[in-house]
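Below is one structure, written out as structure tokens, with a few remarks after it.
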Amino acid sequence: MPLSFSSSEIYETIRMVQMENLDIRTITMGISLRDCAGGKPGRLRQRVYDKICRCAQNLVQTGVEIEQDFGIPIVNKRISVTPVALIADGYSPEDFVQLAQTLDRAAETTGVNFLGGFSALVHKGMTAGDASLISAIPSALSTTERVCSSVNVATTKAGINMDAVALMGRIIKETAALTADRDGIGCAKLVVFCNVPEDNPFMAGAFHGVGEPECVINVGVSGPGVVLRAIQKHPGADFGTLATAIKQTAFKITRMGELVGRAASHKLGVPFGIVDLSLAPTPAIGDSVADILEAMGLERCGTHGTTAALALLNDAVKKGGAMASSYVGGLSGAFIPVSEDAGMIAAVEAGALSLDKLEAMTCVCSVGLDMIAVPGDTPSETLAAIIADEAAIGMINGKTTAVRIIPAPGKKEGDLVEFGGLLGRAPVMKVHPFGAAAFVTRGGRIPAPLQALTN
Amino acid sequence: MLLFADDQDNRVIVTVLGKDKVGIIAGVTGVLAQVNANILDISQTIMQEFLVMVMLVDISRCHVDFGTLKNLLMAKGEEIGVQVNAQHEEVFRFMHRI
């Protein structure tokens, strides 16, 4: 039988993988822990450990096999679980810390590098279990390596739970303090969400939502380097041409995600959930979303015009990607994490990119203020106010927004915080010196907006 | 959906890229012959001074598993100074066709 594609197509694929950092960012197995609930904390922990190890025992090996078969790197194999506040409601904060340690052991046994789901959904209010979990977050994140935590504090339908927002400001400070010897790295594993998706494969915000099946495979694609190259091929092109080039590239990237997701699902005998159409940068040179924006004609990412450029990029990625996959979900949009993107770091260091501009950018892309280091003496009320601003953007625009911010202990504006690996390094950014304490501590909820009344 | 049907699972694309010289095809096809992998189609072009060769290979009767075959091909590539890749055919079908 003859070749059904041209050699130029074959070489395009190989070039994308070998020279432009095309990879599958993550295969994430979602595992429901709902059947583990009940009984004494010790029994719950045993059931949780056993179930995760049973469901995910072949996950890492399968990922390695798929890499070998298709010649496409799969950077991370991860697990997301049911928000543990749901399965351990009524337990004490100490029980939750021990449960986090159990999750960490299960992650280690299965060989995954992160496990998400130390989470609570408190957009309208908190149960006793939610409150216990949240107060356990600082200890849980400082005594585990692989566990990721997230808290949803707002939705378009419910409004913003400002009590939870204020609390999370304090929890972030505490988490930073407990991991002060490592520049507050605990906060890099903690995300505060508005409109959190239930099938997100990306860390640190992944968890296995309540509407999800027993077990599922979700895939997150990557490929800023491939998009950058496509844009560089059209230096003076008009916006229509530019958008088309991005769409065509996003299509191809997403097809790889679809292929890997289906292959993993087939090999593991687990249903395929979604492909998350995200452009996820890494600290590697040339794998940067900021570089893409600059290739479109901005002198520096963060200058005037950045929001428009990002809007075009984000929309074109979605349009191209949506055609390529049967099921799209998760966060699906360009990520703009500062510490994980060499171009963003350079833009901050050059004085071009500020926290305020990043906030504006989150209006037009996923996800939010991500991996941003701020001075260690930033008050918890200011952190809460930053979270409230992001939640408001998400609530009003019906989109996901999130805050993953690190008040690096002992660091001040202009210092550099090193996390290493995929988490990268972050220049400490300026926050406004004017307080918002009287606002964020009013208590109660910001009511759901008119946008919530869609029925 | 034909994905992962048996016949396709057994077809791989072997690509060779490198400076043209005597013996590249002989070297690579020699490895395939040794392990009983059947070449279904082969095409090559010279772009500037680089040889670009693409082979569609059936590995259903291959004596070794795909991982081993890949390693053998890469070792041979290193020996003769070219880059050799082997990937399942689905990768290309999926990326470029819908």
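Residues in the structure tokens are named by chain (A, B, ... in the order shown) and by number from 1 within that chain; ligands are numbered from 1 in the order shown.
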Item to complete: Kindly determine which residues of chain A lie within 12 Å of chain B, considering only C-alpha atoms, and give the answer as a PyMOL selection string.
Response: chain A and resi 1-18+64-72+248-260+262-267+321+323-326
Practice prompt. Output as number ranges by chain all residues of stretch 56-95 of chain B that backbone DSSP marks as strand (DSSP E).
Written response: B: 56-58, 83-88
I want to know what sits within 9 Å of stretch 80-83 of chain A, based on only C-alpha atoms, with residues of the same chain fewer than 2 positions away left out; could you give that as a PDB file with all heavy atoms, in the first residue's frame?
```pdb
ATOM      1  N   THR A  28      -3.581  13.155  32.065  1.00  0.00           N
ATOM      2  CA  THR A  28      -4.035  13.169  33.449  1.00  0.00           C
ATOM      3  C   THR A  28      -5.183  12.184  33.614  1.00  0.00           C
ATOM      4  O   THR A  28      -6.176  12.270  32.889  1.00  0.00           O
ATOM      5  CB  THR A  28      -4.480  14.588  33.855  1.00  0.00           C
ATOM      6  OG1 THR A  28      -3.391  15.488  33.629  1.00  0.00           O
ATOM      7  CG2 THR A  28      -4.872  14.654  35.323  1.00  0.00           C
ATOM      8  N   MET A  29      -5.015  11.262  34.549  1.00  0.00           N
ATOM      9  CA  MET A  29      -6.078  10.307  34.820  1.00  0.00           C
ATOM     10  C   MET A  29      -6.938  10.855  35.954  1.00  0.00           C
ATOM     11  O   MET A  29      -6.428  11.121  37.048  1.00  0.00           O
ATOM     12  CB  MET A  29      -5.498   8.943  35.203  1.00  0.00           C
ATOM     13  CG  MET A  29      -6.564   7.938  35.605  1.00  0.00           C
ATOM     14  SD  MET A  29      -5.875   6.340  36.081  1.00  0.00           S
ATOM     15  CE  MET A  29      -5.866   5.506  34.510  1.00  0.00           C
ATOM     16  N   GLY A  30      -8.221  11.038  35.668  1.00  0.00           N
ATOM     17  CA  GLY A  30      -9.155  11.463  36.703  1.00  0.00           C
ATOM     18  C   GLY A  30      -9.722  10.239  37.397  1.00  0.00           C
ATOM     19  O   GLY A  30     -10.162   9.296  36.738  1.00  0.00           O
ATOM     20  N   ILE A  31      -9.681  10.225  38.714  1.00  0.00           N
ATOM     21  CA  ILE A  31     -10.163   9.068  39.468  1.00  0.00           C
ATOM     22  C   ILE A  31     -11.184   9.541  40.507  1.00  0.00           C
ATOM     23  O   ILE A  31     -10.884  10.438  41.300  1.00  0.00           O
ATOM     24  CB  ILE A  31      -8.991   8.354  40.194  1.00  0.00           C
ATOM     25  CG1 ILE A  31      -7.930   7.910  39.186  1.00  0.00           C
ATOM     26  CG2 ILE A  31      -9.496   7.174  41.012  1.00  0.00           C
ATOM     27  CD1 ILE A  31      -6.650   7.412  39.828  1.00  0.00           C
ATOM     28  N   SER A  32     -12.358   8.938  40.474  1.00  0.00           N
ATOM     29  CA  SER A  32     -13.356   9.270  41.485  1.00  0.00           C
ATOM     30  C   SER A  32     -13.015   8.568  42.791  1.00  0.00           C
ATOM     31  O   SER A  32     -12.730   7.369  42.811  1.00  0.00           O
ATOM     32  CB  SER A  32     -14.747   8.830  41.018  1.00  0.00           C
ATOM     33  OG  SER A  32     -15.634   8.920  42.109  1.00  0.00           O
ATOM     34  N   LEU A  33     -13.056   9.329  43.879  1.00  0.00           N
ATOM     35  CA  LEU A  33     -12.816   8.728  45.201  1.00  0.00           C
ATOM     36  C   LEU A  33     -14.100   8.680  46.013  1.00  0.00           C
ATOM     37  O   LEU A  33     -14.076   8.456  47.224  1.00  0.00           O
ATOM     38  CB  LEU A  33     -11.752   9.535  45.967  1.00  0.00           C
ATOM     39  CG  LEU A  33     -10.359   9.618  45.345  1.00  0.00           C
ATOM     40  CD1 LEU A  33      -9.429  10.434  46.231  1.00  0.00           C
ATOM     41  CD2 LEU A  33      -9.775   8.217  45.135  1.00  0.00           C
ATOM     42  N   ARG A  34     -15.224   8.898  45.337  1.00  0.00           N
ATOM     43  CA  ARG A  34     -16.468   9.004  46.111  1.00  0.00           C
ATOM     44  C   ARG A  34     -16.808   7.722  46.840  1.00  0.00           C
ATOM     45  O   ARG A  34     -17.399   7.747  47.911  1.00  0.00           O
ATOM     46  CB  ARG A  34     -17.610   9.468  45.214  1.00  0.00           C
ATOM     47  CG  ARG A  34     -17.585  10.999  45.072  1.00  0.00           C
ATOM     48  CD  ARG A  34     -18.147  11.463  43.767  1.00  0.00           C
ATOM     49  NE  ARG A  34     -19.562  11.191  43.649  1.00  0.00           N
ATOM     50  CZ  ARG A  34     -20.256  11.371  42.535  1.00  0.00           C
ATOM     51  NH1 ARG A  34     -19.659  11.840  41.451  1.00  0.00           N
ATOM     52  NH2 ARG A  34     -21.534  11.097  42.502  1.00  0.00           N
ATOM     53  N   ILE A  52      -6.368   4.616  44.171  1.00  0.00           N
ATOM     54  CA  ILE A  52      -5.503   5.372  43.251  1.00  0.00           C
ATOM     55  C   ILE A  52      -4.446   4.439  42.657  1.00  0.00           C
ATOM     56  O   ILE A  52      -4.213   4.435  41.444  1.00  0.00           O
ATOM     57  CB  ILE A  52      -4.833   6.564  43.972  1.00  0.00           C
ATOM     58  CG1 ILE A  52      -5.888   7.597  44.369  1.00  0.00           C
ATOM     59  CG2 ILE A  52      -3.784   7.224  43.074  1.00  0.00           C
ATOM     60  CD1 ILE A  52      -5.367   8.705  45.261  1.00  0.00           C
ATOM     61  N   ARG A  78      -0.084  12.445  35.156  1.00  0.00           N
ATOM     62  CA  ARG A  78      -0.589  12.981  36.412  1.00  0.00           C
ATOM     63  C   ARG A  78      -1.928  12.355  36.777  1.00  0.00           C
ATOM     64  O   ARG A  78      -2.560  11.696  35.968  1.00  0.00           O
ATOM     65  CB  ARG A  78      -0.739  14.496  36.293  1.00  0.00           C
ATOM     66  CG  ARG A  78       0.615  15.160  36.138  1.00  0.00           C
ATOM     67  CD  ARG A  78       0.487  16.620  35.803  1.00  0.00           C
ATOM     68  NE  ARG A  78       1.776  17.299  35.921  1.00  0.00           N
ATOM     69  CZ  ARG A  78       2.011  18.532  35.541  1.00  0.00           C
ATOM     70  NH1 ARG A  78       1.045  19.257  35.008  1.00  0.00           N
ATOM     71  NH2 ARG A  78       3.189  19.071  35.700  1.00  0.00           N
ATOM     72  N   ALA A  85     -12.396  17.415  49.957  1.00  0.00           N
ATOM     73  CA  ALA A  85     -13.334  17.939  50.957  1.00  0.00           C
ATOM     74  C   ALA A  85     -14.668  17.181  50.890  1.00  0.00           C
ATOM     75  O   ALA A  85     -15.370  17.034  51.889  1.00  0.00           O
ATOM     76  CB  ALA A  85     -13.562  19.425  50.737  1.00  0.00           C
ATOM     77  N   LEU A  86     -14.989  16.674  49.686  1.00  0.00           N
ATOM     78  CA  LEU A  86     -16.265  15.975  49.511  1.00  0.00           C
ATOM     79  C   LEU A  86     -16.266  14.585  50.140  1.00  0.00           C
ATOM     80  O   LEU A  86     -17.309  14.096  50.565  1.00  0.00           O
ATOM     81  CB  LEU A  86     -16.598  15.831  48.013  1.00  0.00           C
ATOM     82  CG  LEU A  86     -16.812  17.120  47.229  1.00  0.00           C
ATOM     83  CD1 LEU A  86     -17.047  16.794  45.760  1.00  0.00           C
ATOM     84  CD2 LEU A  86     -17.992  17.885  47.796  1.00  0.00           C
ATOM     85  N   ILE A  87     -15.105  13.944  50.150  1.00  0.00           N
ATOM     86  CA  ILE A  87     -15.087  12.559  50.643  1.00  0.00           C
ATOM     87  C   ILE A  87     -14.708  12.488  52.106  1.00  0.00           C
ATOM     88  O   ILE A  87     -14.778  11.432  52.721  1.00  0.00           O
ATOM     89  CB  ILE A  87     -14.138  11.659  49.817  1.00  0.00           C
ATOM     90  CG1 ILE A  87     -12.690  12.187  49.873  1.00  0.00           C
ATOM     91  CG2 ILE A  87     -14.597  11.550  48.379  1.00  0.00           C
ATOM     92  CD1 ILE A  87     -11.677  11.102  49.628  1.00  0.00           C
ATOM     93  N   PHE A 114       2.627  14.870  39.731  1.00  0.00           N
ATOM     94  CA  PHE A 114       1.699  15.668  40.526  1.00  0.00           C
ATOM     95  C   PHE A 114       0.352  14.961  40.646  1.00  0.00           C
ATOM     96  O   PHE A 114      -0.064  14.240  39.739  1.00  0.00           O
ATOM     97  CB  PHE A 114       1.463  17.059  39.915  1.00  0.00           C
ATOM     98  CG  PHE A 114       2.558  18.049  40.186  1.00  0.00           C
ATOM     99  CD1 PHE A 114       3.257  18.626  39.136  1.00  0.00           C
ATOM    100  CD2 PHE A 114       2.897  18.424  41.480  1.00  0.00           C
ATOM    101  CE1 PHE A 114       4.280  19.544  39.372  1.00  0.00           C
ATOM    102  CE2 PHE A 114       3.906  19.346  41.736  1.00  0.00           C
ATOM    103  CZ  PHE A 114       4.596  19.896  40.685  1.00  0.00           C
ATOM    104  N   LEU A 115      -0.308  15.200  41.759  1.00  0.00           N
ATOM    105  CA  LEU A 115      -1.660  14.682  41.966  1.00  0.00           C
ATOM    106  C   LEU A 115      -2.513  15.856  42.448  1.00  0.00           C
ATOM    107  O   LEU A 115      -2.181  16.485  43.456  1.00  0.00           O
ATOM    108  CB  LEU A 115      -1.633  13.545  42.993  1.00  0.00           C
ATOM    109  CG  LEU A 115      -2.968  12.844  43.300  1.00  0.00           C
ATOM    110  CD1 LEU A 115      -2.724  11.402  43.726  1.00  0.00           C
ATOM    111  CD2 LEU A 115      -3.773  13.563  44.377  1.00  0.00           C
ATOM    112  N   GLY A 116      -3.564  16.160  41.698  1.00  0.00           N
ATOM    113  CA  GLY A 116      -4.414  17.308  42.050  1.00  0.00           C
ATOM    114  C   GLY A 116      -5.729  16.841  42.646  1.00  0.00           C
ATOM    115  O   GLY A 116      -6.211  15.750  42.326  1.00  0.00           O
ATOM    116  N   GLY A 117      -6.285  17.662  43.511  1.00  0.00           N
ATOM    117  CA  GLY A 117      -7.593  17.325  44.073  1.00  0.00           C
ATOM    118  C   GLY A 117      -7.693  17.558  45.567  1.00  0.00           C
ATOM    119  O   GLY A 117      -8.717  17.232  46.164  1.00  0.00           O
ATOM    120  N   PHE A 118      -6.631  18.131  46.160  1.00  0.00           N
ATOM    121  CA  PHE A 118      -6.763  18.524  47.560  1.00  0.00           C
ATOM    122  C   PHE A 118      -7.551  19.837  47.525  1.00  0.00           C
ATOM    123  O   PHE A 118      -7.005  20.917  47.694  1.00  0.00           O
ATOM    124  CB  PHE A 118      -5.387  18.690  48.211  1.00  0.00           C
ATOM    125  CG  PHE A 118      -5.446  18.733  49.715  1.00  0.00           C
ATOM    126  CD1 PHE A 118      -5.643  17.579  50.447  1.00  0.00           C
ATOM    127  CD2 PHE A 118      -5.342  19.934  50.396  1.00  0.00           C
ATOM    128  CE1 PHE A 118      -5.729  17.609  51.833  1.00  0.00           C
ATOM    129  CE2 PHE A 118      -5.435  19.980  51.777  1.00  0.00           C
ATOM    130  CZ  PHE A 118      -5.626  18.818  52.494  1.00  0.00           C
ATOM    131  N   SER A 119      -8.841  19.684  47.253  1.00  0.00           N
ATOM    132  CA  SER A 119      -9.630  20.830  46.802  1.00  0.00           C
ATOM    133  C   SER A 119     -10.961  20.942  47.522  1.00  0.00           C
ATOM    134  O   SER A 119     -11.477  19.961  48.061  1.00  0.00           O
ATOM    135  CB  SER A 119      -9.915  20.696  45.298  1.00  0.00           C
ATOM    136  OG  SER A 119      -8.718  20.506  44.584  1.00  0.00           O
ATOM    137  N   ALA A 120     -11.501  22.151  47.474  1.00  0.00           N
ATOM    138  CA  ALA A 120     -12.832  22.412  48.017  1.00  0.00           C
ATOM    139  C   ALA A 120     -13.554  23.394  47.103  1.00  0.00           C
ATOM    140  O   ALA A 120     -12.923  24.261  46.492  1.00  0.00           O
ATOM    141  CB  ALA A 120     -12.716  22.979  49.426  1.00  0.00           C
ATOM    142  N   LEU A 121     -14.856  23.223  46.987  1.00  0.00           N
ATOM    143  CA  LEU A 121     -15.680  24.122  46.179  1.00  0.00           C
ATOM    144  C   LEU A 121     -16.542  24.935  47.141  1.00  0.00           C
ATOM    145  O   LEU A 121     -17.474  24.400  47.740  1.00  0.00           O
ATOM    146  CB  LEU A 121     -16.551  23.314  45.221  1.00  0.00           C
ATOM    147  CG  LEU A 121     -15.788  22.256  44.412  1.00  0.00           C
ATOM    148  CD1 LEU A 121     -16.740  21.374  43.617  1.00  0.00           C
ATOM    149  CD2 LEU A 121     -14.795  22.925  43.475  1.00  0.00           C
ATOM    150  N   SER A 150      -6.549  23.185  45.220  1.00  0.00           N
ATOM    151  CA  SER A 150      -7.274  24.288  44.605  1.00  0.00           C
ATOM    152  C   SER A 150      -8.562  24.542  45.379  1.00  0.00           C
ATOM    153  O   SER A 150      -9.119  23.630  45.994  1.00  0.00           O
ATOM    154  CB  SER A 150      -7.590  23.977  43.137  1.00  0.00           C
ATOM    155  OG  SER A 150      -8.296  22.761  43.021  1.00  0.00           O
ATOM    156  N   ASP A 199     -12.845  19.213  34.536  1.00  0.00           N
ATOM    157  CA  ASP A 199     -12.110  18.195  33.774  1.00  0.00           C
ATOM    158  C   ASP A 199     -10.747  18.718  33.321  1.00  0.00           C
ATOM    159  O   ASP A 199     -10.206  18.274  32.329  1.00  0.00           O
ATOM    160  CB  ASP A 199     -12.940  17.761  32.557  1.00  0.00           C
ATOM    161  CG  ASP A 199     -13.423  18.934  31.725  1.00  0.00           C
ATOM    162  OD1 ASP A 199     -13.006  20.079  32.015  1.00  0.00           O
ATOM    163  OD2 ASP A 199     -14.218  18.722  30.793  1.00  0.00           O
ATOM    164  N   ASN A 200     -10.227  19.688  34.057  1.00  0.00           N
ATOM    165  CA  ASN A 200      -8.948  20.287  33.707  1.00  0.00           C
ATOM    166  C   ASN A 200      -7.802  19.304  33.961  1.00  0.00           C
ATOM    167  O   ASN A 200      -7.662  18.806  35.068  1.00  0.00           O
ATOM    168  CB  ASN A 200      -8.798  21.557  34.563  1.00  0.00           C
ATOM    169  CG  ASN A 200      -7.390  22.055  34.645  1.00  0.00           C
ATOM    170  OD1 ASN A 200      -6.595  21.846  33.729  1.00  0.00           O
ATOM    171  ND2 ASN A 200      -7.073  22.720  35.737  1.00  0.00           N
ATOM    172  N   PRO A 201      -6.972  19.026  32.940  1.00  0.00           N
ATOM    173  CA  PRO A 201      -5.853  18.110  33.176  1.00  0.00           C
ATOM    174  C   PRO A 201      -4.593  18.803  33.687  1.00  0.00           C
ATOM    175  O   PRO A 201      -3.622  18.143  34.009  1.00  0.00           O
ATOM    176  CB  PRO A 201      -5.603  17.524  31.780  1.00  0.00           C
ATOM    177  CG  PRO A 201      -6.034  18.594  30.838  1.00  0.00           C
ATOM    178  CD  PRO A 201      -7.127  19.372  31.518  1.00  0.00           C
ATOM    179  N   MET A 203      -2.054  21.039  36.055  1.00  0.00           N
ATOM    180  CA  MET A 203      -1.814  21.355  37.455  1.00  0.00           C
ATOM    181  C   MET A 203      -1.471  22.847  37.584  1.00  0.00           C
ATOM    182  O   MET A 203      -1.001  23.432  36.641  1.00  0.00           O
ATOM    183  CB  MET A 203      -0.666  20.513  38.003  1.00  0.00           C
ATOM    184  CG  MET A 203      -0.979  19.051  38.038  1.00  0.00           C
ATOM    185  SD  MET A 203      -2.317  18.712  39.180  1.00  0.00           S
ATOM    186  CE  MET A 203      -2.723  17.020  38.708  1.00  0.00           C
ATOM    187  N   ALA A 206      -5.966  20.907  38.759  1.00  0.00           N
ATOM    188  CA  ALA A 206      -6.758  19.762  38.321  1.00  0.00           C
ATOM    189  C   ALA A 206      -7.479  19.088  39.486  1.00  0.00           C
ATOM    190  O   ALA A 206      -6.926  18.935  40.563  1.00  0.00           O
ATOM    191  CB  ALA A 206      -5.851  18.740  37.635  1.00  0.00           C
ATOM    192  N   PHE A 207      -8.729  18.730  39.266  1.00  0.00           N
ATOM    193  CA  PHE A 207      -9.416  17.779  40.138  1.00  0.00           C
ATOM    194  C   PHE A 207     -10.451  17.045  39.310  1.00  0.00           C
ATOM    195  O   PHE A 207     -10.722  17.433  38.166  1.00  0.00           O
ATOM    196  CB  PHE A 207     -10.029  18.459  41.377  1.00  0.00           C
ATOM    197  CG  PHE A 207     -11.148  19.416  41.096  1.00  0.00           C
ATOM    198  CD1 PHE A 207     -12.439  18.957  40.871  1.00  0.00           C
ATOM    199  CD2 PHE A 207     -10.917  20.780  41.076  1.00  0.00           C
ATOM    200  CE1 PHE A 207     -13.479  19.837  40.615  1.00  0.00           C
ATOM    201  CE2 PHE A 207     -11.961  21.676  40.819  1.00  0.00           C
ATOM    202  CZ  PHE A 207     -13.237  21.205  40.586  1.00  0.00           C
ATOM    203  N   HIS A 208     -10.999  15.990  39.866  1.00  0.00           N
ATOM    204  CA  HIS A 208     -11.952  15.141  39.144  1.00  0.00           C
ATOM    205  C   HIS A 208     -13.345  15.552  39.610  1.00  0.00           C
ATOM    206  O   HIS A 208     -13.727  15.258  40.745  1.00  0.00           O
ATOM    207  CB  HIS A 208     -11.632  13.679  39.483  1.00  0.00           C
ATOM    208  CG  HIS A 208     -12.429  12.676  38.731  1.00  0.00           C
ATOM    209  ND1 HIS A 208     -12.219  12.397  37.405  1.00  0.00           N
ATOM    210  CD2 HIS A 208     -13.441  11.862  39.125  1.00  0.00           C
ATOM    211  CE1 HIS A 208     -13.059  11.458  37.014  1.00  0.00           C
ATOM    212  NE2 HIS A 208     -13.812  11.116  38.036  1.00  0.00           N
ATOM    213  N   GLY A 209     -14.076  16.244  38.759  1.00  0.00           N
ATOM    214  CA  GLY A 209     -15.331  16.868  39.180  1.00  0.00           C
ATOM    215  C   GLY A 209     -16.434  15.884  39.525  1.00  0.00           C
ATOM    216  O   GLY A 209     -16.342  14.694  39.213  1.00  0.00           O
ATOM    217  N   VAL A 210     -17.473  16.397  40.139  1.00  0.00           N
ATOM    218  CA  VAL A 210     -18.546  15.518  40.609  1.00  0.00           C
ATOM    219  C   VAL A 210     -19.377  14.936  39.471  1.00  0.00           C
ATOM    220  O   VAL A 210     -20.019  13.905  39.638  1.00  0.00           O
ATOM    221  CB  VAL A 210     -19.483  16.222  41.618  1.00  0.00           C
ATOM    222  CG1 VAL A 210     -18.793  16.413  42.945  1.00  0.00           C
ATOM    223  CG2 VAL A 210     -19.990  17.541  41.077  1.00  0.00           C
TER     224      VAL A 210
END
```
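One finds atom CA of B:Val64 at 12.9 Å from atom CA of B:Asn38.
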Worksheet entry | DSSP helix (DSSP H, G or I) residues within stretch 200-412 of chain A, as a ChimeraX atom specification | /A:224-232,239-268,289-295,306-324,342-349,355-361,380-397
Worksheet item: Which one of A:Ile79, A:Val151, A:Ala106, A:Ala408 sits closest to A:Tyr49 if you count only C-alpha atoms?
Response: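 Checking each of A:Ile79, A:Val151, A:Ala106, A:Ala408 against A:Tyr49, counting only C-alpha atoms, the winner is A:Ala106.
As for atom CA of B:Lys21 and atom CA of B:Glu78, they are spaced 13.9 Å apart.
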Worksheet item: Between atom CA of B:Thr29 and atom CA of A:Asp23, what is the spacing in Å?
Response: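 Taking atom CA of A:Asp23 and atom CA of B:Thr29, their separation equals 29.3 Å.
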Worksheet item: Taking into account only C-alpha atoms, which residue in the set A:Ala391, A:Ala237, A:Val417, A:Leu422 is nearest to A:Arg25?
Response: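 Ranking A:Ala391, A:Ala237, A:Val417, A:Leu422 by distance to A:Arg25, first place goes to A:Leu422.
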Practice prompt. Within 7 Å of A:Ser222, counting only C-alpha atoms, which residues show up once you throw out same-chain ones fewer than 5 positions away? Write them as a list in words, please.
Written response: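 So, after excluding close chain neighbours, the residues are Leu22, Asp23, Ile24, Arg25, Ser278, Leu279 and Ala280 of chain A.
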Go ahead and write the residues just picked, all heavy atoms, as a JSON list (two decimals), in the first residue's frame.
```json
[["chain", "number", "residue", "atom", "x", "y", "z"],
["A", 22, "LEU", "N", 7.16, 20.67, 20.19],
["A", 22, "LEU", "CA", 5.80, 20.14, 20.28],
["A", 22, "LEU", "C", 5.81, 18.94, 21.21],
["A", 22, "LEU", "O", 6.62, 18.02, 21.05],
["A", 22, "LEU", "CB", 5.29, 19.72, 18.90],
["A", 22, "LEU", "CG", 3.97, 18.93, 18.91],
["A", 22, "LEU", "CD1", 2.82, 19.80, 19.40],
["A", 22, "LEU", "CD2", 3.63, 18.39, 17.54],
["A", 23, "ASP", "N", 4.97, 18.99, 22.20],
["A", 23, "ASP", "CA", 4.85, 17.82, 23.06],
["A", 23, "ASP", "C", 3.44, 17.77, 23.61],
["A", 23, "ASP", "O", 2.66, 18.70, 23.46],
["A", 23, "ASP", "CB", 5.88, 17.85, 24.20],
["A", 23, "ASP", "CG", 5.82, 19.12, 25.03],
["A", 23, "ASP", "OD1", 4.71, 19.55, 25.40],
["A", 23, "ASP", "OD2", 6.88, 19.70, 25.32],
["A", 24, "ILE", "N", 3.13, 16.63, 24.21],
["A", 24, "ILE", "CA", 1.90, 16.51, 24.96],
["A", 24, "ILE", "C", 2.28, 16.88, 26.38],
["A", 24, "ILE", "O", 3.17, 16.27, 26.97],
["A", 24, "ILE", "CB", 1.36, 15.06, 24.90],
["A", 24, "ILE", "CG1", 1.12, 14.64, 23.45],
["A", 24, "ILE", "CG2", 0.08, 14.93, 25.72],
["A", 24, "ILE", "CD1", 0.15, 15.48, 22.67],
["A", 25, "ARG", "N", 1.66, 17.93, 26.92],
["A", 25, "ARG", "CA", 2.09, 18.41, 28.21],
["A", 25, "ARG", "C", 1.71, 17.44, 29.32],
["A", 25, "ARG", "O", 2.48, 17.17, 30.21],
["A", 25, "ARG", "CB", 1.49, 19.80, 28.48],
["A", 25, "ARG", "CG", 1.78, 20.36, 29.86],
["A", 25, "ARG", "CD", 3.27, 20.37, 30.17],
["A", 25, "ARG", "NE", 4.05, 21.00, 29.13],
["A", 25, "ARG", "CZ", 4.21, 22.30, 29.03],
["A", 25, "ARG", "NH1", 3.65, 23.10, 29.88],
["A", 25, "ARG", "NH2", 4.93, 22.81, 28.07],
["A", 278, "SER", "N", -4.79, 24.03, 25.23],
["A", 278, "SER", "CA", -4.08, 25.15, 25.83],
["A", 278, "SER", "C", -2.70, 25.29, 25.22],
["A", 278, "SER", "O", -2.09, 24.31, 24.83],
["A", 278, "SER", "CB", -3.97, 24.96, 27.33],
["A", 278, "SER", "OG", -5.24, 25.15, 27.91],
["A", 279, "LEU", "N", -2.23, 26.52, 25.14],
["A", 279, "LEU", "CA", -0.84, 26.76, 24.81],
["A", 279, "LEU", "C", -0.12, 26.90, 26.13],
["A", 279, "LEU", "O", -0.26, 27.91, 26.81],
["A", 279, "LEU", "CB", -0.68, 28.06, 24.02],
["A", 279, "LEU", "CG", -0.97, 28.04, 22.54],
["A", 279, "LEU", "CD1", -0.61, 29.39, 21.95],
["A", 279, "LEU", "CD2", -0.21, 26.94, 21.83],
["A", 280, "ALA", "N", 0.59, 25.87, 26.53],
["A", 280, "ALA", "CA", 1.23, 25.89, 27.83],
["A", 280, "ALA", "C", 2.73, 26.08, 27.66],
["A", 280, "ALA", "O", 3.40, 25.20, 27.14],
["A", 280, "ALA", "CB", 0.95, 24.59, 28.57]]
```
Practice prompt. Would you kindly return, as a ChimeraX atom specification, each protein, DNA or RNA residue with an atom no farther than 10 Å from any atom of stretch 138-143 of chain A, considering only C-alpha atoms and excluding same-chain residues fewer than 2 positions away?
Written response: /A:93-94,96-101,104,118,133-136,145-149,170-180,182,184-190
